[in-house]
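Enquirer: First the structure, then my questions, so here it is.
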Amino acid sequence: DRSRPMLDRAADAARAAGLAPRVTLHEGEMTAADAAPGGPFGLVLAPLNAVLHLPDPAAQRTLLASALRALDPRGQLVIDAFNPTPDALRAFDRGVVHEGTWDLPDGSRIDKFGSRRLHPSEQRIDTDLWYDATHPDGTVRRTRTGFAMRYLHRAELDLLLELAGFRQWEVYGSYDLDPFDDASERLIVLAEATPSRR
């Protein structure tokens, strides 16, 4: 991960689970997966829309090529992204939406609000998020953040995989590995470093 605070949280979680001796954390860009120590790897994961957080097709292709170089000959790349169906894309343009409330042990409450703007010509979704922390004394503190995602259609992802050097992959439409179709919510790819002989 490129975020030191996220790596620190992961290190804390690994220690709490008694897994710290078995976990190596590396600060770096996902487009340089092959630079991570300890490789080659049997598995490279790009979960939860990770590949969509790259700004353009060139960066997305760089990630895929780097993942291929990071894999051992029997290794596999797993990509998990949302499937940009027309209905899914229309759902993003809804103005500001309250996305959840969490009560904390100290008596404070967190409310999350989000706004997303769709730019179809660039296949981009711009997201703004606001977190309101309401403290027991009634004071409110707002934190704002945001990010952009460049979504991929199945045919474009197929082409990027081929250009990156992958020769065989399967595409699924759910975490249960249902067949990919027009109504699939997810675009899940299992790509092998070396084609298997069937």
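So you can find residues: chains in the structure tokens are A, B, ... in the order shown, residues in each start at 1, and ligands are numbered from 1 in order.
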For Leu177 in chain A, please output as an NGL selection string all residues within 10 Å (counting only C-alpha atoms; exclusion window: fewer than 5 positions along the same chain).
Expert: :A and (170-172 or 186-189)
Enquirer: Using the selection just defined, write its residues with N, CA, C and O atoms as a tab-separated table (two decimals), in the first residue's frame.
Expert:
chain	number	residue	atom	x	y	z
A	170	GLU	N	-10.35	-16.21	-16.84
A	170	GLU	CA	-11.78	-16.48	-16.74
A	170	GLU	C	-12.44	-15.25	-16.15
A	170	GLU	O	-11.85	-14.55	-15.32
A	171	VAL	N	-13.68	-14.97	-16.58
A	171	VAL	CA	-14.42	-13.81	-16.10
A	171	VAL	C	-15.71	-14.29	-15.44
A	171	VAL	O	-16.43	-15.11	-16.01
A	172	TYR	N	-15.99	-13.76	-14.24
A	172	TYR	CA	-17.17	-14.14	-13.49
A	172	TYR	C	-17.95	-12.88	-13.10
A	172	TYR	O	-17.41	-11.78	-13.10
A	186	ARG	N	-20.66	-7.60	-10.41
A	186	ARG	CA	-19.21	-7.56	-10.31
A	186	ARG	C	-18.58	-8.02	-11.62
A	186	ARG	O	-19.19	-8.75	-12.40
A	187	LEU	N	-17.36	-7.59	-11.82
A	187	LEU	CA	-16.52	-8.02	-12.93
A	187	LEU	C	-15.28	-8.62	-12.28
A	187	LEU	O	-14.39	-7.90	-11.84
A	188	ILE	N	-15.26	-9.94	-12.18
A	188	ILE	CA	-14.20	-10.65	-11.47
A	188	ILE	C	-13.40	-11.47	-12.46
A	188	ILE	O	-13.95	-12.25	-13.24
A	189	VAL	N	-12.09	-11.27	-12.44
A	189	VAL	CA	-11.19	-11.94	-13.38
A	189	VAL	C	-10.20	-12.78	-12.60
A	189	VAL	O	-9.61	-12.31	-11.61
Enquirer: Give me the residues within 10 Å of range 19-35 of chain A as an MDAnalysis selection string, counting only C-alpha atoms and dropping any in the same chain fewer than 5 places off.
Expert: chainID A and resid 1:4 6:8 10:14 40:41 44 46 50:51 54 59:71
Enquirer: Residues at most 8 Å from range 154-156 of chain A, counting only C-alpha atoms, excluding those fewer than 3 positions away in the same chain, as JSON, numbers by chain?
Expert: {"A": [83, 159, 160, 187]}
Enquirer: Using only C-alpha atoms, which of the listed residues (A:Phe113, A:Phe82, A:Tyr131, A:Phe147) sits closest to Arg94 in chain A?
Expert: A:Phe113
Enquirer: Name the residues in contact with Thr145 in chain A at a cut-off of 8 Å, using only C-alpha atoms, excluding same-chain residues fewer than 5 positions from it; report them as a ChimeraX atom specification.
Expert: /A:128-130
Enquirer: Between CA of Asp80 in chain A and CA of Asp93 in chain A, what is the spacing in Å?
Expert: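 Answer for the CA of Asp93 in chain A to CA of Asp80 in chain A separation: 22.3 Å.
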Enquirer: Report the distance between CA of Arg15 in chain A and CA of Pro105 in chain A in Å, rounded to one decimal place.
Expert: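 Separation of CA of Arg15 in chain A and CA of Pro105 in chain A: 22.4 Å.
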Enquirer: Which of these, A:Leu48, A:Met149, A:Pro73, A:Asp182, has the shortest distance to Leu118 in chain A once you count only C-alpha atoms?
Expert: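 Closest to Leu118 in chain A of all the choices is A:Met149.
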Enquirer: May I have the residues within 8 Å of Gln76 in chain A as a VMD selection string, using only C-alpha atoms and disregarding those fewer than 3 positions away in the same chain?
Expert: chain A and resid 42 to 44 71 190 to 193
Enquirer: I'd like to know which of A:Ser108, A:Thr134, A:Gln123, A:Ser115 is closest to Pro84 in chain A, using only C-alpha atoms.
Expert: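 Of the candidates, the smallest distance to Pro84 in chain A is held by A:Gln123.
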